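Below you'll find the structure, written out as structure tokens, and then a few comments.
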Amino acid sequence: MSRPPCIGIPFKKSPETDWVRPLRQYIARALQEDPDAYNSDCQVLQRMRQDMRGAKADETGRDIIYRYYSHLEALERRIRVGEHGVKMVFQ
């Protein structure tokens, strides 16, 4: 099967960002639950972000990026991000 022609777009550089601390703070404050109960889930999200940052321009890299963003979409439906939710600082 032949592939359609594609336009090469350079990857955006994404600095290292800590998801774990802000998520744990939000869980404790807003959900009033023990953040330790969600530690492994927070670590998985952090690992997925690190994997996404190093993804190559191939099908495997594309799948890594899609998987990360699908998890972000699911997280966005459950946890508010912004002024009154999880405060993330991106550089």
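Residues in the structure tokens are numbered from 1 in each chain, the chains being A, B, ... in the order shown, and ligands are numbered from 1 in the order shown.
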
Within 9 Å of range 67-78 of chain A, counting only C-alpha atoms, which residues show up once you throw out same-chain ones fewer than 3 positions away? Write them as a PyMOL selection string, please.
chain A and resi 45+48-49+51-52+62-64+81

Residues near Arg24 in chain A, cut-off 10 Å, only C-alpha atoms, skip fewer than 2 positions along chain, as a PyMOL selection string:
chain A and resi 19-22+26-29+33-39+42+86

When DSSP works through the backbone of this structure, what residues of range 10-90 of chain A end up as helix (DSSP H, G or I), shown as a ChimeraX atom specification?
/A:20-29,35-53,59-78
